[in-house]
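Visitor: Input structure23.csv, format and content: CSV, C-alpha atoms.
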chain,number,residue,atom,x,y,z
A,725,MET,CA,36.7,6.4,12.4
A,726,TYR,CA,37.5,10.1,12.5
A,727,THR,CA,41.0,10.3,11.2
A,728,SER,CA,41.4,7.2,9.0
A,729,THR,CA,40.6,7.0,5.3
A,730,PHE,CA,36.9,6.9,4.3
A,731,GLY,CA,37.1,3.2,3.4
A,732,MET,CA,38.6,2.3,6.8
A,733,ALA,CA,36.1,4.7,8.5
A,734,CYS,CA,33.3,2.7,6.9
A,735,LEU,CA,34.7,-0.5,8.5
A,736,TRP,CA,35.0,1.2,11.8
A,737,SER,CA,31.5,2.5,11.5
A,738,MET,CA,30.2,-1.0,10.9
A,739,CYS,CA,32.2,-2.2,13.9
A,740,MET,CA,30.6,0.5,16.0
A,741,GLY,CA,27.2,-0.7,14.9
A,742,VAL,CA,28.0,-4.3,16.0
A,743,TRP,CA,29.3,-3.1,19.3
A,744,ALA,CA,26.3,-0.8,19.8
A,745,HIS,CA,24.2,-4.0,19.4
A,746,PHE,CA,26.3,-5.6,22.2
A,747,VAL,CA,25.7,-2.6,24.4
A,748,GLY,CA,22.0,-2.8,23.7
A,749,THR,CA,21.6,-6.5,24.4
A,750,CYS,CA,24.3,-7.4,26.9
A,751,ILE,CA,24.4,-4.2,29.1
A,752,GLN,CA,21.4,-1.9,28.9
A,753,HIS,CA,18.9,-4.8,28.4
A,754,ASP,CA,20.0,-6.4,31.7
A,755,GLY,CA,20.4,-3.0,33.4
A,756,ASN,CA,16.9,-1.7,32.6
A,757,HIS,CA,15.5,-5.1,33.7
A,758,GLY,CA,17.3,-4.7,37.0
A,759,ALA,CA,19.3,-7.8,36.2
A,760,PHE,CA,22.8,-6.4,35.5
A,761,SER,CA,23.7,-6.1,39.2
A,762,GLN,CA,22.3,-6.3,42.7
A,763,SER,CA,23.0,-2.5,43.0
A,764,LYS,CA,20.3,-0.2,41.8
A,765,PHE,CA,22.9,2.4,41.0
A,766,ILE,CA,24.8,0.1,38.7
A,767,ASN,CA,21.6,-1.1,37.1
A,768,LYS,CA,20.7,2.5,36.4
A,769,ALA,CA,24.2,3.2,35.0
A,770,ALA,CA,24.0,0.1,32.8
A,771,GLY,CA,20.5,1.1,31.5
A,772,TRP,CA,21.9,4.6,30.7
A,773,THR,CA,24.2,3.1,28.1
A,774,MET,CA,21.2,2.9,25.8
A,775,ASP,CA,21.3,6.7,25.7
A,776,MET,CA,25.0,6.6,25.1
A,777,ILE,CA,24.5,4.8,21.8
A,778,GLY,CA,21.8,7.3,20.6
A,779,ALA,CA,18.5,5.8,21.7
A,780,SER,CA,16.5,6.6,24.8
A,781,GLY,CA,16.5,4.1,27.7
A,782,TYR,CA,13.3,5.6,29.0
A,783,THR,CA,11.5,4.9,25.7
A,784,TRP,CA,12.9,1.4,25.7
A,785,GLU,CA,11.6,0.8,29.2
A,786,ILE,CA,8.1,1.8,28.3
A,787,GLN,CA,7.9,-0.1,25.1
A,788,HIS,CA,9.7,-3.3,26.2
A,789,MET,CA,8.9,-3.6,29.9
A,790,LEU,CA,5.4,-2.1,30.0
A,791,GLY,CA,4.2,-3.4,26.7
A,792,HIS,CA,6.2,-6.3,25.3
A,793,HIS,CA,6.9,-8.5,28.4
A,794,PRO,CA,3.5,-8.5,30.1
A,795,TYR,CA,1.5,-8.7,26.7
A,796,THR,CA,3.8,-10.7,24.5
A,797,ASN,CA,2.4,-11.2,20.9
A,798,LEU,CA,-0.9,-9.8,22.1
A,799,LEU,CA,-2.8,-7.5,19.7
A,800,ASP,CA,-5.7,-5.4,21.0
A,801,LEU,CA,-8.1,-5.5,18.0
A,802,THR,CA,-10.2,-2.6,19.3
A,803,GLU,CA,-7.2,-0.3,19.4
A,804,ASP,CA,-5.9,-1.6,16.1
A,805,GLU,CA,-9.3,-0.9,14.5
A,806,LYS,CA,-9.3,2.7,15.8
A,807,LYS,CA,-5.8,3.2,14.5
A,808,GLN,CA,-6.8,2.1,11.0
A,809,MET,CA,-9.8,4.5,11.1
A,810,GLU,CA,-7.4,7.2,12.5
A,811,GLU,CA,-9.5,7.5,15.6
A,812,ASP,CA,-8.2,8.2,19.1
A,813,CYS,CA,-9.4,8.5,22.6
A,814,PRO,CA,-8.0,9.9,25.9
A,815,MET,CA,-5.2,7.9,27.5
A,816,GLU,CA,-7.3,7.1,30.5
A,817,ASP,CA,-9.8,5.3,28.3
A,818,LYS,CA,-7.2,3.1,26.6
A,819,ASP,CA,-6.8,-0.5,27.6
A,820,GLN,CA,-3.0,-0.3,27.2
A,821,GLU,CA,-2.8,-4.1,27.0
A,822,SER,CA,-1.0,-4.8,23.7
A,823,ASP,CA,2.5,-5.6,22.5
A,824,PRO,CA,4.1,-2.6,20.8
A,825,ASP,CA,7.6,-4.0,20.6
A,826,VAL,CA,7.3,-6.6,17.8
A,827,PHE,CA,4.4,-5.3,15.8
A,828,SER,CA,5.1,-1.6,15.7
A,829,SER,CA,8.8,-1.8,15.0
A,830,PHE,CA,8.6,-2.5,11.3
A,831,PRO,CA,6.2,-0.7,8.9
A,832,LEU,CA,5.0,-2.4,5.7
A,833,MET,CA,5.0,-5.7,7.5
A,834,ARG,CA,2.2,-8.1,8.5
A,835,MET,CA,3.5,-9.8,11.6
A,836,HIS,CA,0.2,-10.8,13.3
A,837,PRO,CA,-2.5,-12.9,11.7
A,838,GLU,CA,-5.1,-10.3,12.7
A,839,HIS,CA,-3.3,-7.4,10.9
A,840,LYS,CA,-5.0,-6.2,7.8
A,841,PRO,CA,-3.4,-7.7,4.8
A,842,GLU,CA,-2.2,-5.5,1.9
A,843,TRP,CA,-1.1,-6.5,-1.6
A,844,TYR,CA,2.6,-5.8,-0.9
A,845,HIS,CA,2.7,-8.2,2.1
A,846,LYS,CA,3.0,-11.1,-0.2
A,847,TYR,CA,6.5,-9.9,-0.9
A,848,GLN,CA,7.5,-9.1,2.7
A,849,HIS,CA,9.7,-12.2,3.0
A,850,TYR,CA,11.8,-10.6,0.3
A,851,TYR,CA,12.1,-7.1,1.6
A,852,ALA,CA,12.0,-7.9,5.3
A,853,PRO,CA,15.8,-8.3,5.8
A,854,LEU,CA,16.4,-4.9,4.2
A,855,LEU,CA,13.7,-3.3,6.3
A,856,PHE,CA,15.1,-4.8,9.5
A,857,ALA,CA,18.3,-2.7,9.0
A,858,PHE,CA,16.3,0.5,9.6
A,859,MET,CA,15.1,-0.6,13.1
A,860,THR,CA,17.4,1.5,15.2
A,861,ILE,CA,17.5,4.6,13.1
A,862,ALA,CA,13.7,4.7,13.1
A,863,LYS,CA,13.6,4.5,16.8
A,864,VAL,CA,16.3,7.2,17.3
A,865,PHE,CA,14.7,9.7,14.9
A,866,GLN,CA,11.0,8.9,15.1
A,867,GLN,CA,9.9,7.0,18.1
A,868,ASP,CA,12.1,8.8,20.7
A,869,PHE,CA,11.0,12.3,19.7
A,870,GLU,CA,7.3,11.3,19.3
A,871,ILE,CA,7.2,10.0,22.8
A,872,VAL,CA,9.1,12.9,24.5
A,873,PHE,CA,6.7,15.4,23.0
A,874,SER,CA,3.4,13.5,23.3
A,875,HIS,CA,4.2,11.6,26.6
A,876,ARG,CA,2.7,8.5,25.1
A,877,LEU,CA,3.9,5.4,23.2
A,878,TYR,CA,1.0,4.4,20.9
A,879,HIS,CA,-1.5,3.2,23.5
A,880,ILE,CA,0.8,3.4,26.6
A,881,ASP,CA,0.9,6.4,28.9
A,882,ALA,CA,4.6,7.5,29.1
A,883,HIS,CA,4.1,10.1,31.9
A,884,CYS,CA,5.8,7.7,34.4
A,885,ARG,CA,9.1,8.6,32.7
A,886,TYR,CA,8.7,11.6,30.5
A,887,GLY,CA,6.5,13.5,33.0
A,888,SER,CA,9.7,14.3,35.0
A,889,VAL,CA,11.7,17.4,34.0
A,890,TRP,CA,14.9,15.7,35.0
A,891,ASN,CA,14.2,12.7,32.8
A,892,ARG,CA,13.5,15.0,29.8
A,893,LEU,CA,16.7,16.9,30.6
A,894,ARG,CA,18.6,13.6,30.5
A,895,PHE,CA,16.9,12.8,27.2
A,896,TRP,CA,18.0,16.0,25.5
A,897,ILE,CA,21.5,16.1,26.9
A,898,MET,CA,22.2,12.5,25.7
A,899,LYS,CA,20.8,13.3,22.3
A,900,VAL,CA,23.1,16.2,21.9
A,901,ILE,CA,26.2,14.2,23.1
A,902,THR,CA,25.5,11.3,20.8
A,903,THR,CA,24.8,13.6,17.9
A,904,VAL,CA,28.2,15.2,18.4
A,905,TYR,CA,30.2,12.0,18.3
A,906,MET,CA,28.1,10.1,15.8
A,907,VAL,CA,27.3,12.9,13.3
A,908,VAL,CA,29.1,16.2,13.9
A,909,LEU,CA,32.6,14.8,14.3
A,910,PRO,CA,32.4,12.4,11.3
A,911,CYS,CA,31.1,15.3,9.2
A,912,TYR,CA,33.9,17.5,10.4
A,913,PHE,CA,36.7,15.1,9.5
A,914,HIS,CA,35.2,13.5,6.3
A,915,GLY,CA,32.8,16.1,5.0
A,916,ILE,CA,29.0,16.3,5.4
A,917,SER,CA,28.0,13.6,2.8
A,918,LYS,CA,30.6,11.1,3.9
A,919,GLY,CA,30.0,11.9,7.6
A,920,LEU,CA,26.3,11.2,7.2
A,921,THR,CA,27.0,8.1,5.3
A,922,LEU,CA,29.1,6.8,8.2
A,923,PHE,CA,26.3,7.5,10.6
A,924,VAL,CA,23.7,5.7,8.5
A,925,LEU,CA,26.0,2.8,7.9
A,926,GLY,CA,26.6,2.3,11.6
A,927,HIS,CA,22.9,2.4,12.3
A,928,LEU,CA,22.0,0.0,9.5
A,929,THR,CA,24.6,-2.5,10.8
A,930,CYS,CA,23.3,-2.3,14.3
A,931,GLY,CA,19.7,-2.5,13.2
A,932,GLU,CA,20.3,-5.6,11.0
A,933,VAL,CA,22.2,-7.5,13.7
A,934,LEU,CA,19.7,-6.6,16.4
A,935,ALA,CA,16.6,-7.3,14.4
A,936,THR,CA,18.0,-10.6,13.1
A,937,MET,CA,18.5,-12.0,16.6
A,938,PHE,CA,15.3,-10.6,18.0
A,939,ILE,CA,12.6,-11.1,15.4
A,940,VAL,CA,13.1,-14.8,15.2
A,941,ASN,CA,12.0,-15.1,18.9
A,942,HIS,CA,8.4,-14.0,18.4
A,943,VAL,CA,7.6,-14.1,14.6
A,944,ILE,CA,8.4,-17.6,13.4
A,945,GLU,CA,6.7,-20.9,12.4
A,946,GLY,CA,5.0,-22.5,15.4
A,947,VAL,CA,4.8,-19.5,17.7
A,948,ALA,CA,1.5,-18.5,19.2
A,949,TYR,CA,-0.2,-15.1,18.9
A,950,ALA,CA,-2.9,-13.6,21.1
A,951,LYS,CA,-5.7,-11.2,20.5
A,952,LYS,CA,-8.4,-9.4,22.4
A,953,GLY,CA,-11.2,-7.0,21.8
A,954,GLY,CA,-12.6,-6.0,18.4
A,955,ASN,CA,-16.1,-5.3,17.3
A,956,SER,CA,-16.8,-9.0,17.1
A,957,ALA,CA,-15.1,-9.9,20.3
A,958,ASP,CA,-16.4,-12.9,22.2
A,959,LYS,CA,-17.3,-12.3,25.8
A,960,ASN,CA,-17.7,-14.4,28.9
A,961,GLU,CA,-20.8,-14.4,31.1
A,962,ASP,CA,-19.3,-11.7,33.3
A,963,GLY,CA,-18.8,-9.5,30.3
A,964,SER,CA,-15.0,-9.9,30.2
A,965,VAL,CA,-13.3,-10.2,26.8
A,966,VAL,CA,-12.1,-13.6,25.7
A,967,LEU,CA,-8.3,-13.7,25.0
A,968,ARG,CA,-7.5,-15.8,22.0
A,969,LEU,CA,-4.3,-17.7,21.4
A,970,ILE,CA,-3.5,-18.2,17.7
A,971,SER,CA,-1.1,-21.0,17.2
A,972,THR,CA,0.7,-21.1,13.9
A,973,THR,CA,1.9,-24.6,14.3
A,974,PRO,CA,1.3,-26.4,11.0
A,975,SER,CA,-1.8,-28.7,11.2
A,976,ASN,CA,-1.8,-32.4,10.2
A,977,ASN,CA,-5.0,-31.7,8.4
A,978,ASN,CA,-4.5,-31.7,4.6
A,979,ASP,CA,-7.4,-29.4,3.9
A,980,ALA,CA,-6.1,-26.3,2.2
A,981,THR,CA,-8.1,-24.0,4.5
A,982,THR,CA,-6.2,-25.2,7.6
A,983,ASP,CA,-2.8,-25.8,6.1
A,984,ASN,CA,-0.7,-23.3,8.1
A,985,ASN,CA,-2.8,-21.8,10.9
A,986,ASP,CA,-4.6,-23.0,14.0
A,987,THR,CA,-6.7,-20.9,16.3
A,988,THR,CA,-7.1,-21.5,20.0
A,989,THR,CA,-9.2,-19.7,22.6
A,990,VAL,CA,-8.3,-19.0,26.2
A,991,ALA,CA,-11.1,-17.5,28.2
A,992,ALA,CA,-11.1,-16.1,31.7
A,993,ASP,CA,-12.8,-19.3,32.9
A,994,GLN,CA,-9.7,-21.3,31.7
A,995,ARG,CA,-11.6,-23.3,29.1
A,996,ARG,CA,-9.3,-25.2,26.7
A,997,PRO,CA,-8.4,-23.5,23.4
A,998,GLN,CA,-9.6,-25.1,20.2
A,999,THR,CA,-8.1,-25.0,16.8
A,1000,ALA,CA,-10.1,-24.6,13.6
A,1001,THR,CA,-10.0,-28.4,13.4
A,1002,GLY,CA,-11.0,-28.9,17.0
A,1003,ARG,CA,-7.5,-29.7,18.3
A,1004,THR,CA,-6.0,-28.2,21.5
A,1005,PRO,CA,-2.2,-27.9,21.1
A,1006,MET,CA,-1.3,-28.2,24.8
A,1007,LEU,CA,-3.6,-31.2,25.3
A,1008,ASP,CA,-1.5,-33.1,22.7
A,1009,ILE,CA,1.4,-33.1,25.1
A,1010,THR,CA,-0.3,-32.8,28.5
A,1011,VAL,CA,0.9,-35.5,30.9
A,1012,SER,CA,-1.4,-37.2,33.4
A,1013,GLN,CA,0.7,-37.1,36.6
A,1014,HIS,CA,0.1,-33.4,37.1
A,1015,ALA,CA,-3.0,-31.2,37.1
A,1016,PRO,CA,-3.5,-29.5,33.7
A,1017,VAL,CA,-1.8,-26.1,33.3
A,1018,PRO,CA,-4.4,-23.4,32.5
A,1019,LEU,CA,-3.9,-22.1,29.0
A,1020,ASN,CA,-4.2,-18.5,30.2
A,1021,ASP,CA,-1.5,-19.1,32.8
A,1022,TRP,CA,1.0,-16.3,32.4
A,1023,ALA,CA,4.1,-18.5,32.3
A,1024,ALA,CA,2.4,-20.9,29.9
A,1025,VAL,CA,1.6,-18.0,27.6
A,1026,GLN,CA,5.2,-16.7,27.7
A,1027,CYS,CA,6.4,-20.2,26.6
A,1028,GLN,CA,3.9,-20.3,23.7
A,1029,THR,CA,4.7,-16.9,22.4
A,1030,SER,CA,8.5,-17.1,22.6
A,1031,VAL,CA,11.0,-19.3,20.8
A,1032,ASN,CA,14.6,-20.2,21.6
A,1033,TRP,CA,17.5,-20.8,19.1
A,1034,SER,CA,20.9,-22.4,19.7
A,1035,PRO,CA,19.8,-23.5,23.2
A,1036,GLY,CA,22.5,-24.3,25.7
A,1037,SER,CA,25.1,-22.5,23.6
A,1038,TRP,CA,27.4,-20.3,25.8
A,1039,PHE,CA,28.7,-18.5,22.7
A,1040,TRP,CA,25.4,-17.5,21.2
A,1041,ASN,CA,23.9,-16.7,24.6
A,1042,HIS,CA,26.6,-14.0,25.0
A,1043,VAL,CA,26.7,-12.8,21.4
A,1044,SER,CA,22.9,-12.3,21.5
A,1045,GLY,CA,22.8,-11.0,25.1
A,1046,GLY,CA,20.4,-13.8,26.1
A,1047,LEU,CA,18.1,-13.4,23.1
A,1048,SER,CA,18.9,-17.0,22.1
A,1049,HIS,CA,17.2,-18.1,25.3
A,1050,GLN,CA,14.1,-16.0,24.9
A,1051,ILE,CA,11.8,-18.3,26.8
A,1052,GLU,CA,14.0,-18.2,29.9
A,1053,HIS,CA,14.3,-14.5,29.6
A,1054,HIS,CA,10.5,-14.0,29.5
A,1055,LEU,CA,10.0,-16.3,32.4
A,1056,PHE,CA,12.8,-14.7,34.5
A,1057,PRO,CA,13.4,-11.1,33.1
A,1058,SER,CA,15.1,-10.0,36.3
A,1059,VAL,CA,17.8,-12.7,36.0
A,1060,CYS,CA,21.0,-11.7,34.2
A,1061,HIS,CA,21.3,-13.3,30.8
A,1062,THR,CA,24.6,-15.0,31.7
A,1063,HIS,CA,22.6,-17.5,33.8
A,1064,TYR,CA,20.2,-18.6,31.0
A,1065,VAL,CA,22.5,-21.2,29.6
A,1066,TYR,CA,22.6,-22.9,32.9
A,1067,VAL,CA,18.8,-23.0,33.6
A,1068,GLN,CA,17.7,-23.7,30.0
A,1069,ASP,CA,17.6,-27.5,30.4
A,1070,VAL,CA,15.7,-27.2,33.7
A,1071,VAL,CA,13.1,-25.0,32.1
A,1072,GLN,CA,12.7,-27.3,29.1
A,1073,GLN,CA,12.4,-30.4,31.3
A,1074,THR,CA,9.8,-28.6,33.4
A,1075,CYS,CA,7.7,-27.6,30.4
A,1076,GLU,CA,7.8,-31.2,29.1
A,1077,GLU,CA,6.8,-32.5,32.5
A,1078,TYR,CA,3.8,-30.2,32.8
A,1079,GLY,CA,2.7,-30.4,29.2
A,1080,VAL,CA,3.7,-26.8,28.2
A,1081,PRO,CA,5.0,-26.2,24.7
A,1082,TYR,CA,8.7,-25.4,24.5
A,1083,GLN,CA,9.8,-24.5,20.9
A,1084,SER,CA,13.5,-24.3,20.3
A,1085,GLU,CA,15.4,-24.2,17.0
A,1086,PRO,CA,18.9,-25.7,16.6
A,1087,SER,CA,20.5,-22.6,15.2
A,1088,LEU,CA,20.0,-19.0,14.3
A,1089,TYR,CA,20.3,-20.0,10.6
A,1090,VAL,CA,17.3,-22.5,11.0
A,1091,ALA,CA,15.3,-20.0,13.0
A,1092,TYR,CA,15.9,-17.2,10.4
A,1093,GLY,CA,14.7,-19.5,7.6
A,1094,LYS,CA,11.6,-20.4,9.5
A,1095,MET,CA,10.9,-16.7,10.2
A,1096,LEU,CA,11.1,-15.8,6.5
A,1097,SER,CA,8.9,-18.8,5.7
A,1098,HIS,CA,6.4,-17.6,8.3
A,1099,LEU,CA,6.4,-14.1,6.9
A,1100,LYS,CA,5.6,-15.6,3.5
A,1101,THR,CA,2.7,-17.5,5.0
A,1102,LEU,CA,1.3,-14.4,6.8
A,1103,GLY,CA,1.7,-12.4,3.6
A,1104,SER,CA,0.3,-14.7,1.0
A,1105,GLU,CA,-1.8,-17.5,2.3
A,1106,LEU,CA,-4.9,-18.2,4.4
A,1107,THR,CA,-5.6,-16.7,7.8
A,1108,ILE,CA,-7.9,-18.7,10.1
A,1109,THR,CA,-9.8,-16.8,12.8
A,1110,GLY,CA,-11.9,-18.6,15.3
A,1111,ASN,CA,-14.0,-21.3,13.6
A,1112,ASP,CA,-14.2,-19.3,10.4
A,1113,THR,CA,-11.7,-19.5,7.6
A,1114,THR,CA,-11.3,-16.3,5.6
A,1115,GLU,CA,-9.0,-15.9,2.6
A,1116,LYS,CA,-7.4,-12.7,3.5
A,1117,MET,CA,-5.3,-12.4,0.4
A,1118,LYS,CA,-5.2,-14.1,-3.0
A,1119,GLN,CA,-2.0,-15.5,-4.2
A,1120,SER,CA,-1.0,-13.9,-7.5
Show this structure as structure tokens.

Guide:
Amino acid sequence: MYTSTFGMACLWSMCMGVWAHFVGTCIQHDGNHGAFSQSKFINKAAGWTMDMIGASGYTWEIQHMLGHHPYTNLLDLTEDEKKQMEEDCPMEDKDQESDPDVFSSFPLMRMHPEHKPEWYHKYQHYYAPLLFAFMTIAKVFQQDFEIVFSHRLYHIDAHCRYGSVWNRLRFWIMKVITTVYMVVLPCYFHGISKGLTLFVLGHLTCGEVLATMFIVNHVIEGVAYAKKGGNSADKNEDGSVVLRLISTTPSNNNDATTDNNDTTTVAADQRRPQTATGRTPMLDITVSQHAPVPLNDWAAVQCQTSVNWSPGSWFWNHVSGGLSHQIEHHLFPSVCHTHYVYVQDVVQQTCEEYGVPYQSEPSLYVAYGKMLSHLKTLGSELTITGNDTTEKMKQS
């Protein structure tokens, strides 16, 4: 990439982007989950490879492990409302229960049914693939530096990692090292403009590949969303906030107001969720030989908010670093991704046995198409919330 012609350097830069994706999904992902090895030292070393490709492993841990995994597809409406009004509160007063991984990674996108719709969202299924390419470069230049200076990631307190002087030192040292081999050296050999072009090209390639394999796991037709809080939040008798699961599985009802969205409710007393038409998705497949699985059961929620693609495929499991078996990963995050292909059928059979939804698409191509279709639905059609149907956006 340094000494070859600029045309060949572009190809090498794109190759570097693809291999950086492999580092992110196949090595650091398992390492920071403690799944790469039985050795803590090796897991730490594997997690450190995130810093070696330009991003911060500490930022990833906070966003992915403290936010995304425990609160998958969950949106805190109270925090979201404050964000829209540009209000803030001390970290100790924040709930910190919301998924920052999916919904904060891409601006100009409406990925949750409760997000405020804007006029440009009706075009998001067109510009989304282009926007996905900026995923990694935005994290490297925006998110990493925001969190190291503020010691917070949106609503999550980041002092557990960035409160340490040694951790901050590692952050800055790795930023300098990666800047040298990714930016300085290409600029030295090819000139500033071409060197920066190579850097951006590598990041756009990495971002596109990574986003393509990740976004289809949680933003796709049929996946469930959750929400909590808000000014109009329902509460139980004990004052606790009701958690709502919003299923986007297409309804059989032909009425235009319930064509693409169902809403279900999961309360702390484990009452069954109801759609806008009175249907409970999990009851449709619940079997009688076992006690019903509570809808707010953690494992059941993980299955409803995650989607697999190319299940059982050894090839795609390795290429995606286990992202193709997202349900298995969310159920067993401390298990190395190389094992998912062997436990996938057991997990699916168990879900079917206990009446828990298990959505799986036959290929990445099909999943990607359904993801774009779902983005079109979120951007231009009706959104159903609770028992009320509100037309959030008019189709032009």

Visitor: Can you measure atom CA of A:Pro1057 to atom CA of A:Asn756 for me? One decimal in Å is fine.

Guide: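 For atom CA of A:Pro1057 relative to atom CA of A:Asn756, the distance reads 10.0 Å.
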
Visitor: Can you measure atom CA of A:Val1059 to atom CA of A:Ala759 for me? One decimal in Å is fine.

Guide: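 The value is 5.1 Å.
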
Visitor: Got a sec to check which residues sit within 8 Å of (19.2, -10.2, 33.7), counting only C-alpha atoms, and write them as a list in words?

Guide: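 All residues meeting the 8 Å criterion around (19.2, -10.2, 33.7) are His753, Asp754, Gly755, His757, Gly758, Ala759, Phe760, His1053, Phe1056, Pro1057, Ser1058, Val1059, Cys1060, His1061 and Thr1062 of chain A.
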
Visitor: Which distance in Å separates atom CA of A:Gln762 and atom CA of A:Val1070, to one decimal?

Guide: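 Value for the atom CA of A:Gln762-atom CA of A:Val1070 distance: 23.7 Å.
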
Visitor: Could you check the closest approach to A:His883 for each of A:Phe869, A:Tyr782, A:Tyr1066, A:Tyr851 and tell me which residue wins, using only C-alpha atoms?

Guide: A:Tyr782

Visitor: Write out, as JSON lines, each residue of stretch 1066-1107 of chain A that has an atom at most 8 Å from stretch 935-942 of chain A, together with the closest pair of atoms and their distance in Å to one decimal, counting all atoms listed in the file, rows going by chain and rising number.

Guide:
{"residue": "A:Leu1088", "atom": "CA", "partner": "A:Met937", "partner_atom": "CA", "distance": 7.5}
{"residue": "A:Ala1091", "atom": "CA", "partner": "A:Val940", "partner_atom": "CA", "distance": 6.1}
{"residue": "A:Tyr1092", "atom": "CA", "partner": "A:Val940", "partner_atom": "CA", "distance": 6.1}
{"residue": "A:Met1095", "atom": "CA", "partner": "A:Val940", "partner_atom": "CA", "distance": 5.8}
